[in-house]
file data-v2.txt (compact mmCIF, N, CA and C atoms)
# COMPACT_ATOMS: atom_id res chain seq x y z
N MET C 69 0.85 -1.18 0.00
CA MET C 69 0.00 0.00 0.00
C MET C 69 0.90 1.24 0.00
N ASN C 70 0.71 2.10 -1.01
CA ASN C 70 1.56 3.28 -1.07
C ASN C 70 1.03 4.38 -0.15
N ILE C 71 1.74 5.45 -0.09
CA ILE C 71 1.43 6.51 0.87
C ILE C 71 0.10 7.21 0.54
N LEU C 72 -0.23 7.33 -0.75
CA LEU C 72 -1.49 7.96 -1.11
C LEU C 72 -2.68 7.12 -0.67
N GLN C 73 -2.60 5.82 -0.80
CA GLN C 73 -3.68 4.94 -0.35
C GLN C 73 -3.82 4.96 1.16
N ARG C 74 -2.71 4.98 1.87
CA ARG C 74 -2.77 5.07 3.34
C ARG C 74 -3.36 6.40 3.78
N PHE C 75 -2.99 7.46 3.07
CA PHE C 75 -3.51 8.79 3.35
C PHE C 75 -5.03 8.81 3.16
N GLU C 76 -5.51 8.23 2.07
CA GLU C 76 -6.95 8.18 1.79
C GLU C 76 -7.68 7.29 2.79
N GLN C 77 -7.08 6.16 3.16
CA GLN C 77 -7.70 5.26 4.13
C GLN C 77 -7.81 5.93 5.50
N TRP C 78 -6.78 6.65 5.91
CA TRP C 78 -6.84 7.35 7.19
C TRP C 78 -7.94 8.41 7.17
N GLY C 79 -8.04 9.17 6.04
CA GLY C 79 -9.07 10.20 5.95
C GLY C 79 -10.47 9.62 5.99
N ASP C 80 -10.66 8.44 5.39
CA ASP C 80 -11.99 7.82 5.40
C ASP C 80 -12.35 7.26 6.77
N SER C 81 -11.39 6.75 7.50
CA SER C 81 -11.70 6.13 8.80
C SER C 81 -11.82 7.14 9.93
N HIS C 82 -11.29 8.34 9.76
CA HIS C 82 -11.34 9.37 10.81
C HIS C 82 -12.22 10.54 10.38
N HIS C 83 -13.42 10.25 9.92
CA HIS C 83 -14.28 11.29 9.40
C HIS C 83 -15.70 11.12 9.94
N PRO C 84 -16.05 11.85 11.01
CA PRO C 84 -17.42 11.75 11.54
C PRO C 84 -18.43 12.37 10.58
N LYS C 85 -19.67 11.95 10.71
CA LYS C 85 -20.71 12.40 9.79
C LYS C 85 -21.07 13.88 9.97
N TRP C 86 -20.93 14.43 11.16
CA TRP C 86 -21.27 15.83 11.35
C TRP C 86 -20.32 16.75 10.58
N VAL C 87 -19.13 16.26 10.29
CA VAL C 87 -18.18 17.07 9.52
C VAL C 87 -18.66 17.21 8.07
N ASP C 88 -19.42 16.22 7.59
CA ASP C 88 -19.97 16.33 6.24
C ASP C 88 -20.96 17.49 6.13
N ILE C 89 -21.67 17.77 7.20
CA ILE C 89 -22.59 18.92 7.20
C ILE C 89 -21.79 20.21 7.03
N ILE C 90 -20.65 20.30 7.69
CA ILE C 90 -19.78 21.48 7.55
C ILE C 90 -19.26 21.56 6.12
N ARG C 91 -18.89 20.41 5.52
CA ARG C 91 -18.41 20.39 4.13
C ARG C 91 -19.50 20.89 3.18
N ILE C 92 -20.73 20.47 3.41
CA ILE C 92 -21.84 20.89 2.55
C ILE C 92 -22.10 22.39 2.70
N ILE C 93 -22.08 22.88 3.92
CA ILE C 93 -22.27 24.32 4.16
C ILE C 93 -21.14 25.12 3.52
N LEU C 94 -19.91 24.62 3.63
CA LEU C 94 -18.76 25.29 3.00
C LEU C 94 -18.93 25.32 1.48
N GLY C 95 -19.40 24.22 0.90
CA GLY C 95 -19.62 24.19 -0.53
C GLY C 95 -20.70 25.16 -0.97
N ILE C 96 -21.78 25.24 -0.21
CA ILE C 96 -22.85 26.19 -0.53
C ILE C 96 -22.33 27.63 -0.43
N PHE C 97 -21.55 27.91 0.60
CA PHE C 97 -20.99 29.25 0.77
C PHE C 97 -20.06 29.62 -0.38
N LEU C 98 -19.18 28.69 -0.78
CA LEU C 98 -18.26 28.98 -1.87
C LEU C 98 -18.99 29.14 -3.20
N PHE C 99 -20.04 28.34 -3.42
CA PHE C 99 -20.86 28.49 -4.61
C PHE C 99 -21.52 29.87 -4.63
N TYR C 100 -22.05 30.29 -3.48
CA TYR C 100 -22.66 31.61 -3.37
C TYR C 100 -21.64 32.71 -3.67
N LYS C 101 -20.43 32.58 -3.11
CA LYS C 101 -19.40 33.59 -3.36
C LYS C 101 -19.00 33.63 -4.83
N GLY C 102 -18.98 32.48 -5.49
CA GLY C 102 -18.68 32.44 -6.92
C GLY C 102 -19.73 33.18 -7.73
N ILE C 103 -21.01 32.96 -7.40
CA ILE C 103 -22.09 33.68 -8.08
C ILE C 103 -22.02 35.17 -7.76
N ASP C 104 -21.69 35.50 -6.52
CA ASP C 104 -21.56 36.90 -6.12
C ASP C 104 -20.41 37.58 -6.87
N PHE C 105 -19.27 36.89 -7.00
CA PHE C 105 -18.15 37.45 -7.76
C PHE C 105 -18.52 37.59 -9.24
N LEU C 106 -19.29 36.65 -9.76
CA LEU C 106 -19.71 36.73 -11.16
C LEU C 106 -20.60 37.94 -11.40
N GLN C 107 -21.50 38.21 -10.47
CA GLN C 107 -22.39 39.36 -10.61
C GLN C 107 -21.67 40.68 -10.39
N ASN C 108 -20.60 40.66 -9.62
CA ASN C 108 -19.84 41.88 -9.31
C ASN C 108 -18.42 41.78 -9.84
N MET C 109 -18.27 41.39 -11.10
CA MET C 109 -16.94 41.17 -11.67
C MET C 109 -16.13 42.47 -11.69
N GLY C 110 -16.77 43.60 -11.91
CA GLY C 110 -16.05 44.88 -11.91
C GLY C 110 -15.44 45.19 -10.56
N LYS C 111 -16.17 44.91 -9.51
CA LYS C 111 -15.66 45.15 -8.16
C LYS C 111 -14.49 44.20 -7.86
N LEU C 112 -14.60 42.96 -8.31
CA LEU C 112 -13.51 41.99 -8.12
C LEU C 112 -12.26 42.45 -8.86
N MET C 113 -12.43 42.93 -10.09
CA MET C 113 -11.29 43.42 -10.86
C MET C 113 -10.66 44.64 -10.19
N GLY C 114 -11.49 45.53 -9.68
CA GLY C 114 -10.96 46.70 -8.98
C GLY C 114 -10.21 46.33 -7.72
N LEU C 115 -10.69 45.33 -7.02
CA LEU C 115 -10.02 44.87 -5.81
C LEU C 115 -8.65 44.28 -6.13
N MET C 116 -8.59 43.53 -7.24
CA MET C 116 -7.31 42.94 -7.63
C MET C 116 -6.35 44.00 -8.15
N GLU C 117 -6.85 45.00 -8.89
CA GLU C 117 -5.99 46.03 -9.45
C GLU C 117 -5.33 46.86 -8.36
N ASN C 118 -6.00 47.03 -7.23
CA ASN C 118 -5.44 47.84 -6.14
C ASN C 118 -4.33 47.11 -5.40
N ASN C 119 -4.27 45.80 -5.48
CA ASN C 119 -3.33 45.05 -4.67
C ASN C 119 -2.24 44.33 -5.45
N VAL C 120 -2.42 44.09 -6.74
CA VAL C 120 -1.48 43.30 -7.52
C VAL C 120 -1.18 44.03 -8.82
N GLU C 121 0.06 43.97 -9.26
CA GLU C 121 0.47 44.59 -10.52
C GLU C 121 0.53 43.54 -11.62
N PHE C 122 -0.50 43.47 -12.47
CA PHE C 122 -0.56 42.57 -13.60
C PHE C 122 -1.12 43.33 -14.80
N SER C 123 -1.07 42.70 -15.95
CA SER C 123 -1.70 43.28 -17.13
C SER C 123 -3.21 43.06 -17.05
N SER C 124 -3.95 43.78 -17.89
CA SER C 124 -5.41 43.66 -17.84
C SER C 124 -5.87 42.28 -18.28
N LEU C 125 -5.17 41.64 -19.20
CA LEU C 125 -5.53 40.28 -19.60
C LEU C 125 -5.37 39.31 -18.44
N MET C 126 -4.32 39.48 -17.65
CA MET C 126 -4.10 38.61 -16.50
C MET C 126 -5.20 38.80 -15.45
N PHE C 127 -5.67 40.04 -15.27
CA PHE C 127 -6.78 40.28 -14.35
C PHE C 127 -8.04 39.56 -14.80
N ILE C 128 -8.30 39.57 -16.09
CA ILE C 128 -9.48 38.89 -16.62
C ILE C 128 -9.36 37.38 -16.41
N VAL C 129 -8.19 36.83 -16.69
CA VAL C 129 -7.97 35.39 -16.50
C VAL C 129 -8.11 35.02 -15.02
N LEU C 130 -7.50 35.79 -14.14
CA LEU C 130 -7.58 35.51 -12.71
C LEU C 130 -9.01 35.66 -12.18
N GLY C 131 -9.72 36.68 -12.66
CA GLY C 131 -11.10 36.86 -12.23
C GLY C 131 -11.98 35.69 -12.63
N HIS C 132 -11.80 35.20 -13.84
CA HIS C 132 -12.59 34.05 -14.28
C HIS C 132 -12.17 32.77 -13.56
N TYR C 133 -10.89 32.66 -13.22
CA TYR C 133 -10.44 31.51 -12.44
C TYR C 133 -11.10 31.49 -11.06
N VAL C 134 -11.17 32.65 -10.43
CA VAL C 134 -11.79 32.75 -9.11
C VAL C 134 -13.26 32.32 -9.18
N VAL C 135 -13.97 32.84 -10.17
CA VAL C 135 -15.39 32.50 -10.32
C VAL C 135 -15.55 31.01 -10.61
N PHE C 136 -14.77 30.50 -11.56
CA PHE C 136 -14.85 29.09 -11.92
C PHE C 136 -14.53 28.18 -10.74
N ALA C 137 -13.47 28.49 -10.04
CA ALA C 137 -13.05 27.64 -8.91
C ALA C 137 -14.10 27.64 -7.80
N HIS C 138 -14.68 28.78 -7.50
CA HIS C 138 -15.69 28.84 -6.44
C HIS C 138 -16.98 28.13 -6.84
N ILE C 139 -17.43 28.32 -8.06
CA ILE C 139 -18.69 27.69 -8.48
C ILE C 139 -18.52 26.18 -8.61
N ILE C 140 -17.55 25.75 -9.39
CA ILE C 140 -17.34 24.31 -9.59
C ILE C 140 -16.88 23.64 -8.30
N GLY C 141 -15.95 24.27 -7.59
CA GLY C 141 -15.48 23.71 -6.33
C GLY C 141 -16.58 23.63 -5.29
N GLY C 142 -17.46 24.63 -5.24
CA GLY C 142 -18.58 24.59 -4.31
C GLY C 142 -19.53 23.45 -4.61
N ILE C 143 -19.84 23.26 -5.89
CA ILE C 143 -20.72 22.15 -6.28
C ILE C 143 -20.08 20.82 -5.93
N LEU C 144 -18.79 20.67 -6.23
CA LEU C 144 -18.10 19.42 -5.92
C LEU C 144 -18.05 19.15 -4.42
N LEU C 145 -17.87 20.19 -3.62
CA LEU C 145 -17.85 20.01 -2.17
C LEU C 145 -19.22 19.62 -1.65
N VAL C 146 -20.27 20.21 -2.16
CA VAL C 146 -21.62 19.86 -1.72
C VAL C 146 -21.91 18.39 -2.03
N LEU C 147 -21.55 17.96 -3.24
CA LEU C 147 -21.81 16.59 -3.64
C LEU C 147 -20.83 15.59 -3.04
N GLY C 148 -19.67 16.04 -2.65
CA GLY C 148 -18.66 15.15 -2.11
C GLY C 148 -17.87 14.45 -3.20
N LEU C 149 -17.89 14.96 -4.40
CA LEU C 149 -17.13 14.41 -5.51
C LEU C 149 -15.82 15.17 -5.65
N PHE C 150 -14.74 14.46 -5.82
CA PHE C 150 -13.42 15.07 -6.02
C PHE C 150 -13.17 16.17 -4.99
N THR C 151 -13.42 15.85 -3.74
CA THR C 151 -13.33 16.83 -2.67
C THR C 151 -11.92 17.40 -2.54
N ARG C 152 -10.94 16.55 -2.61
CA ARG C 152 -9.56 17.04 -2.48
C ARG C 152 -9.18 17.95 -3.64
N PHE C 153 -9.63 17.60 -4.84
CA PHE C 153 -9.38 18.46 -6.00
C PHE C 153 -10.08 19.80 -5.84
N ALA C 154 -11.32 19.78 -5.37
CA ALA C 154 -12.07 21.02 -5.17
C ALA C 154 -11.38 21.92 -4.15
N CYS C 155 -10.83 21.33 -3.11
CA CYS C 155 -10.11 22.13 -2.11
C CYS C 155 -8.79 22.65 -2.68
N LEU C 156 -8.14 21.83 -3.47
CA LEU C 156 -6.84 22.21 -4.03
C LEU C 156 -6.94 23.39 -4.99
N ILE C 157 -8.00 23.45 -5.79
CA ILE C 157 -8.12 24.56 -6.74
C ILE C 157 -8.54 25.85 -6.05
N GLN C 158 -9.05 25.76 -4.83
CA GLN C 158 -9.48 26.97 -4.13
C GLN C 158 -8.46 27.48 -3.12
N LEU C 159 -7.51 26.66 -2.74
CA LEU C 159 -6.51 27.09 -1.76
C LEU C 159 -5.71 28.31 -2.21
N PRO C 160 -5.24 28.40 -3.47
CA PRO C 160 -4.50 29.61 -3.86
C PRO C 160 -5.34 30.88 -3.76
N ILE C 161 -6.62 30.78 -4.05
CA ILE C 161 -7.51 31.94 -3.98
C ILE C 161 -7.61 32.43 -2.54
N LEU C 162 -7.80 31.48 -1.62
CA LEU C 162 -7.94 31.87 -0.21
C LEU C 162 -6.63 32.34 0.38
N LEU C 163 -5.51 31.78 -0.06
CA LEU C 163 -4.21 32.26 0.42
C LEU C 163 -4.00 33.71 0.01
N VAL C 164 -4.32 34.03 -1.24
CA VAL C 164 -4.20 35.41 -1.71
C VAL C 164 -5.17 36.31 -0.95
N ALA C 165 -6.38 35.83 -0.71
CA ALA C 165 -7.37 36.63 0.02
C ALA C 165 -6.89 36.93 1.44
N VAL C 166 -6.28 35.96 2.09
CA VAL C 166 -5.84 36.17 3.47
C VAL C 166 -4.62 37.08 3.53
N PHE C 167 -3.63 36.82 2.68
CA PHE C 167 -2.36 37.52 2.83
C PHE C 167 -2.27 38.83 2.07
N PHE C 168 -3.04 39.00 1.01
CA PHE C 168 -2.91 40.23 0.23
C PHE C 168 -4.16 41.10 0.27
N ILE C 169 -5.30 40.52 0.06
CA ILE C 169 -6.53 41.32 -0.07
C ILE C 169 -7.03 41.80 1.29
N ASN C 170 -7.16 40.87 2.24
CA ASN C 170 -7.76 41.21 3.54
C ASN C 170 -6.75 41.62 4.59
N SER C 171 -5.49 41.70 4.25
CA SER C 171 -4.49 42.00 5.28
C SER C 171 -4.28 43.50 5.47
N GLY C 172 -5.18 44.32 4.96
CA GLY C 172 -5.06 45.77 5.13
C GLY C 172 -5.29 46.17 6.58
N GLY C 173 -5.43 47.44 6.80
CA GLY C 173 -5.56 47.97 8.14
C GLY C 173 -6.93 47.77 8.77
N ASN C 174 -7.88 47.17 8.05
CA ASN C 174 -9.23 47.04 8.60
C ASN C 174 -9.46 45.69 9.27
N MET C 175 -8.42 45.05 9.74
CA MET C 175 -8.53 43.71 10.30
C MET C 175 -9.37 43.69 11.58
N LEU C 176 -9.27 44.69 12.41
CA LEU C 176 -9.98 44.69 13.69
C LEU C 176 -11.32 45.41 13.62
N GLN C 177 -11.71 45.87 12.45
CA GLN C 177 -13.00 46.53 12.31
C GLN C 177 -14.12 45.49 12.32
N PRO C 178 -15.31 45.91 12.72
CA PRO C 178 -16.44 44.98 12.65
C PRO C 178 -16.71 44.59 11.20
N TYR C 179 -17.20 43.39 11.02
CA TYR C 179 -17.53 42.83 9.70
C TYR C 179 -16.31 42.68 8.81
N SER C 180 -15.16 42.49 9.40
CA SER C 180 -13.96 42.23 8.62
C SER C 180 -14.05 40.84 8.00
N GLU C 181 -13.66 40.73 6.75
CA GLU C 181 -13.73 39.44 6.06
C GLU C 181 -12.47 38.61 6.26
N LEU C 182 -11.50 39.13 6.98
CA LEU C 182 -10.27 38.37 7.21
C LEU C 182 -10.55 37.12 8.02
N ILE C 183 -11.34 37.22 9.06
CA ILE C 183 -11.63 36.05 9.89
C ILE C 183 -12.38 35.00 9.08
N LEU C 184 -13.33 35.44 8.28
CA LEU C 184 -14.08 34.51 7.42
C LEU C 184 -13.15 33.84 6.41
N SER C 185 -12.23 34.59 5.84
CA SER C 185 -11.28 34.01 4.88
C SER C 185 -10.36 33.00 5.55
N VAL C 186 -9.92 33.28 6.77
CA VAL C 186 -9.06 32.35 7.49
C VAL C 186 -9.82 31.07 7.84
N VAL C 187 -11.06 31.20 8.27
CA VAL C 187 -11.87 30.02 8.60
C VAL C 187 -12.08 29.15 7.37
N VAL C 188 -12.42 29.77 6.24
CA VAL C 188 -12.62 29.01 5.01
C VAL C 188 -11.31 28.36 4.57
N LEU C 189 -10.20 29.07 4.69
CA LEU C 189 -8.89 28.50 4.34
C LEU C 189 -8.57 27.29 5.20
N LEU C 190 -8.82 27.38 6.49
CA LEU C 190 -8.56 26.25 7.38
C LEU C 190 -9.48 25.07 7.08
N LEU C 191 -10.74 25.33 6.78
CA LEU C 191 -11.66 24.25 6.42
C LEU C 191 -11.25 23.58 5.11
N LEU C 192 -10.81 24.36 4.15
CA LEU C 192 -10.34 23.77 2.89
C LEU C 192 -9.11 22.91 3.12
N ALA C 193 -8.20 23.38 3.98
CA ALA C 193 -7.01 22.57 4.30
C ALA C 193 -7.41 21.28 5.01
N TYR C 194 -8.40 21.34 5.89
CA TYR C 194 -8.86 20.14 6.58
C TYR C 194 -9.46 19.14 5.60
N PHE C 195 -10.35 19.61 4.71
CA PHE C 195 -10.99 18.70 3.77
C PHE C 195 -10.02 18.21 2.70
N LEU C 196 -8.94 18.94 2.47
CA LEU C 196 -7.89 18.44 1.59
C LEU C 196 -7.26 17.19 2.17
N VAL C 197 -7.11 17.17 3.49
CA VAL C 197 -6.53 16.01 4.17
C VAL C 197 -7.59 14.94 4.43
N ALA C 198 -8.74 15.32 4.95
CA ALA C 198 -9.73 14.35 5.41
C ALA C 198 -10.52 13.72 4.26
N GLY C 199 -10.71 14.42 3.18
CA GLY C 199 -11.48 13.86 2.07
C GLY C 199 -12.96 14.12 2.19
N ASN C 200 -13.75 13.32 1.49
CA ASN C 200 -15.16 13.62 1.34
C ASN C 200 -16.05 13.12 2.47
N GLY C 201 -15.83 11.97 3.03
CA GLY C 201 -16.64 11.48 4.13
C GLY C 201 -17.75 10.55 3.69
N PRO C 202 -18.53 10.05 4.65
CA PRO C 202 -19.55 9.05 4.33
C PRO C 202 -20.77 9.60 3.59
N TRP C 203 -21.10 10.87 3.75
CA TRP C 203 -22.25 11.45 3.06
C TRP C 203 -21.80 12.13 1.78
N SER C 204 -21.44 11.34 0.79
CA SER C 204 -21.00 11.89 -0.48
C SER C 204 -21.36 10.93 -1.59
N LEU C 205 -21.42 11.48 -2.79
CA LEU C 205 -21.64 10.63 -3.95
C LEU C 205 -20.35 9.89 -4.25
N LYS C 206 -20.48 8.67 -4.66
CA LYS C 206 -19.30 7.90 -5.03
C LYS C 206 -19.42 7.52 -6.49
N LEU C 207 -18.32 7.59 -7.19
CA LEU C 207 -18.30 7.20 -8.59
C LEU C 207 -18.38 5.69 -8.70
N ALA C 208 -18.75 5.20 -9.87
CA ALA C 208 -18.91 3.76 -10.08
C ALA C 208 -17.60 3.02 -9.81
N ASP C 209 -16.48 3.60 -10.18
CA ASP C 209 -15.19 2.96 -9.95
C ASP C 209 -14.89 2.86 -8.46
N GLU C 210 -15.25 3.89 -7.70
CA GLU C 210 -15.04 3.85 -6.24
C GLU C 210 -15.94 2.80 -5.59
N LYS C 211 -17.19 2.68 -6.06
CA LYS C 211 -18.09 1.69 -5.50
C LYS C 211 -17.58 0.28 -5.75
N LYS C 212 -17.05 0.06 -6.96
CA LYS C 212 -16.51 -1.25 -7.27
C LYS C 212 -15.30 -1.56 -6.38
N ARG C 213 -14.49 -0.55 -6.12
CA ARG C 213 -13.32 -0.73 -5.27
C ARG C 213 -13.73 -1.03 -3.83
N ASP C 214 -14.85 -0.40 -3.37
CA ASP C 214 -15.32 -0.65 -2.02
C ASP C 214 -15.82 -2.07 -1.83
N TRP C 215 -16.35 -2.70 -2.89
CA TRP C 215 -16.89 -4.05 -2.78
C TRP C 215 -15.77 -5.09 -2.77
N GLN C 216 -14.59 -4.73 -3.20
CA GLN C 216 -13.50 -5.72 -3.26
C GLN C 216 -12.81 -5.87 -1.93

call {"tool": "encode", "arguments": {"input": "data-v2.txt", "output": "structure tokens"}}
result
Amino acid sequence: MNILQRFEQWGDSHHPKWVDIIRIILGIFLFYKGIDFLQNMGKLMGLMENNVEFSSLMFIVLGHYVVFAHIIGGILLVLGLFTRFACLIQLPILLVAVFFINSGGNMLQPYSELILSVVVLLLLAYFLVAGNGPWSLKLADEKKRDWQ
């Protein structure tokens, strides 16, 4: 048994069912944020332009990556499909949000999004390690593997 299989087996055996509810809520939240970013793409572009020096084409690509990762990753987290992949594609977004976007001087103000970004980042890191859990859809290949 290689290290990846042991890693997956440990994540499956140490995963209580109540954590799946948190995974589903996290997926719904990220899906909502993706739709919110899609509706407010100009504001997202303005936020990125104030903090990072890139060309306008790079801003467009990054903005669409953020929307795509949140919408698709949120759906995958809710369903429990490719959970580790969904967390992996969203980790760079949350790292940038924590260290560059939300790290301004408004950290201690009420309604600061830094705490929310840190909580989401930590939850994504947890689900990257723990995996999807018992309340998730399983692909046909995974079901066949479970029967063996």

call {"tool": "residues_near_point", "arguments": {"input": "data-v2.txt", "point": "(-12.1, 13.7, -7.9)", "cutoff": "12 Å", "atoms": "only C-alpha atoms", "output": "PDB file with N, CA and C atoms, keeping the file's coordinate frame"}}
result
ATOM      1  N   ILE C 140     -17.550  25.750  -9.390  1.00  0.00           N
ATOM      2  CA  ILE C 140     -17.340  24.310  -9.590  1.00  0.00           C
ATOM      3  C   ILE C 140     -16.880  23.640  -8.300  1.00  0.00           C
ATOM      4  N   GLY C 141     -15.950  24.270  -7.590  1.00  0.00           N
ATOM      5  CA  GLY C 141     -15.480  23.710  -6.330  1.00  0.00           C
ATOM      6  C   GLY C 141     -16.580  23.630  -5.290  1.00  0.00           C
ATOM      7  N   LEU C 144     -18.790  20.670  -6.230  1.00  0.00           N
ATOM      8  CA  LEU C 144     -18.100  19.420  -5.920  1.00  0.00           C
ATOM      9  C   LEU C 144     -18.050  19.150  -4.420  1.00  0.00           C
ATOM     10  N   LEU C 145     -17.870  20.190  -3.620  1.00  0.00           N
ATOM     11  CA  LEU C 145     -17.850  20.010  -2.170  1.00  0.00           C
ATOM     12  C   LEU C 145     -19.220  19.620  -1.650  1.00  0.00           C
ATOM     13  N   LEU C 147     -21.550  17.960  -3.240  1.00  0.00           N
ATOM     14  CA  LEU C 147     -21.810  16.590  -3.640  1.00  0.00           C
ATOM     15  C   LEU C 147     -20.830  15.590  -3.040  1.00  0.00           C
ATOM     16  N   GLY C 148     -19.670  16.040  -2.650  1.00  0.00           N
ATOM     17  CA  GLY C 148     -18.660  15.150  -2.110  1.00  0.00           C
ATOM     18  C   GLY C 148     -17.870  14.450  -3.200  1.00  0.00           C
ATOM     19  N   LEU C 149     -17.890  14.960  -4.400  1.00  0.00           N
ATOM     20  CA  LEU C 149     -17.130  14.410  -5.510  1.00  0.00           C
ATOM     21  C   LEU C 149     -15.820  15.170  -5.650  1.00  0.00           C
ATOM     22  N   PHE C 150     -14.740  14.460  -5.820  1.00  0.00           N
ATOM     23  CA  PHE C 150     -13.420  15.070  -6.020  1.00  0.00           C
ATOM     24  C   PHE C 150     -13.170  16.170  -4.990  1.00  0.00           C
ATOM     25  N   THR C 151     -13.420  15.850  -3.740  1.00  0.00           N
ATOM     26  CA  THR C 151     -13.330  16.830  -2.670  1.00  0.00           C
ATOM     27  C   THR C 151     -11.920  17.400  -2.540  1.00  0.00           C
ATOM     28  N   ARG C 152     -10.940  16.550  -2.610  1.00  0.00           N
ATOM     29  CA  ARG C 152      -9.560  17.040  -2.480  1.00  0.00           C
ATOM     30  C   ARG C 152      -9.180  17.950  -3.640  1.00  0.00           C
ATOM     31  N   PHE C 153      -9.630  17.600  -4.840  1.00  0.00           N
ATOM     32  CA  PHE C 153      -9.380  18.460  -6.000  1.00  0.00           C
ATOM     33  C   PHE C 153     -10.080  19.800  -5.840  1.00  0.00           C
ATOM     34  N   ALA C 154     -11.320  19.780  -5.370  1.00  0.00           N
ATOM     35  CA  ALA C 154     -12.070  21.020  -5.170  1.00  0.00           C
ATOM     36  C   ALA C 154     -11.380  21.920  -4.150  1.00  0.00           C
ATOM     37  N   CYS C 155     -10.830  21.330  -3.110  1.00  0.00           N
ATOM     38  CA  CYS C 155     -10.110  22.130  -2.110  1.00  0.00           C
ATOM     39  C   CYS C 155      -8.790  22.650  -2.680  1.00  0.00           C
ATOM     40  N   LEU C 156      -8.140  21.830  -3.470  1.00  0.00           N
ATOM     41  CA  LEU C 156      -6.840  22.210  -4.030  1.00  0.00           C
ATOM     42  C   LEU C 156      -6.940  23.390  -4.990  1.00  0.00           C
ATOM     43  N   ILE C 157      -8.000  23.450  -5.790  1.00  0.00           N
ATOM     44  CA  ILE C 157      -8.120  24.560  -6.740  1.00  0.00           C
ATOM     45  C   ILE C 157      -8.540  25.850  -6.050  1.00  0.00           C
ATOM     46  N   LEU C 196      -8.940  18.940   2.470  1.00  0.00           N
ATOM     47  CA  LEU C 196      -7.890  18.440   1.590  1.00  0.00           C
ATOM     48  C   LEU C 196      -7.260  17.190   2.170  1.00  0.00           C
ATOM     49  N   GLY C 199     -10.710  14.420   3.180  1.00  0.00           N
ATOM     50  CA  GLY C 199     -11.480  13.860   2.070  1.00  0.00           C
ATOM     51  C   GLY C 199     -12.960  14.120   2.190  1.00  0.00           C
ATOM     52  N   ASN C 200     -13.750  13.320   1.490  1.00  0.00           N
ATOM     53  CA  ASN C 200     -15.160  13.620   1.340  1.00  0.00           C
ATOM     54  C   ASN C 200     -16.050  13.120   2.470  1.00  0.00           C
ATOM     55  N   SER C 204     -21.440  11.340   0.790  1.00  0.00           N
ATOM     56  CA  SER C 204     -21.000  11.890  -0.480  1.00  0.00           C
ATOM     57  C   SER C 204     -21.360  10.930  -1.590  1.00  0.00           C
ATOM     58  N   LEU C 205     -21.420  11.480  -2.790  1.00  0.00           N
ATOM     59  CA  LEU C 205     -21.640  10.630  -3.950  1.00  0.00           C
ATOM     60  C   LEU C 205     -20.350   9.890  -4.250  1.00  0.00           C
ATOM     61  N   LYS C 206     -20.480   8.670  -4.660  1.00  0.00           N
ATOM     62  CA  LYS C 206     -19.300   7.900  -5.030  1.00  0.00           C
ATOM     63  C   LYS C 206     -19.420   7.520  -6.490  1.00  0.00           C
ATOM     64  N   LEU C 207     -18.320   7.590  -7.190  1.00  0.00           N
ATOM     65  CA  LEU C 207     -18.300   7.200  -8.590  1.00  0.00           C
ATOM     66  C   LEU C 207     -18.380   5.690  -8.700  1.00  0.00           C
ATOM     67  N   ASP C 209     -16.480   3.600 -10.180  1.00  0.00           N
ATOM     68  CA  ASP C 209     -15.190   2.960  -9.950  1.00  0.00           C
ATOM     69  C   ASP C 209     -14.890   2.860  -8.460  1.00  0.00           C
ATOM     70  N   GLU C 210     -15.250   3.890  -7.700  1.00  0.00           N
ATOM     71  CA  GLU C 210     -15.040   3.850  -6.240  1.00  0.00           C
ATOM     72  C   GLU C 210     -15.940   2.800  -5.590  1.00  0.00           C
TER      73      GLU C 210
END

call {"tool": "residues_around", "arguments": {"input": "data-v2.txt", "residues": "segment 96-111 of chain C", "least_positions_apart": "3", "cutoff": "8 Å", "atoms": "all atoms listed in the file", "output": "PyMOL selection string"}}
result
chain C and resi 90-93+114-117+131+134-143+145-147

call {"tool": "atom_distance", "arguments": {"input": "data-v2.txt", "atom1": "atom CA of Val186 of chain C", "atom2": "atom N of Trp86 of chain C"}}
result
21.8 Å

call {"tool": "atom_distance", "arguments": {"input": "data-v2.txt", "atom1": "atom C of Leu163 of chain C", "atom2": "atom C of Val197 of chain C"}}
result
19.6 Å

call {"tool": "atom_distance", "arguments": {"input": "data-v2.txt", "atom1": "atom CA of Leu192 of chain C", "atom2": "atom CA of Gln158 of chain C"}}
result
7.8 Å

call {"tool": "select_by_dssp", "arguments": {"input": "data-v2.txt", "residues": "segment 77-210 of chain C", "states": "helix (DSSP H, G or I)", "output": "ChimeraX atom specification"}}
result
/C:77-81,85-107,109-119,124-147,151-169,181-198,208-210
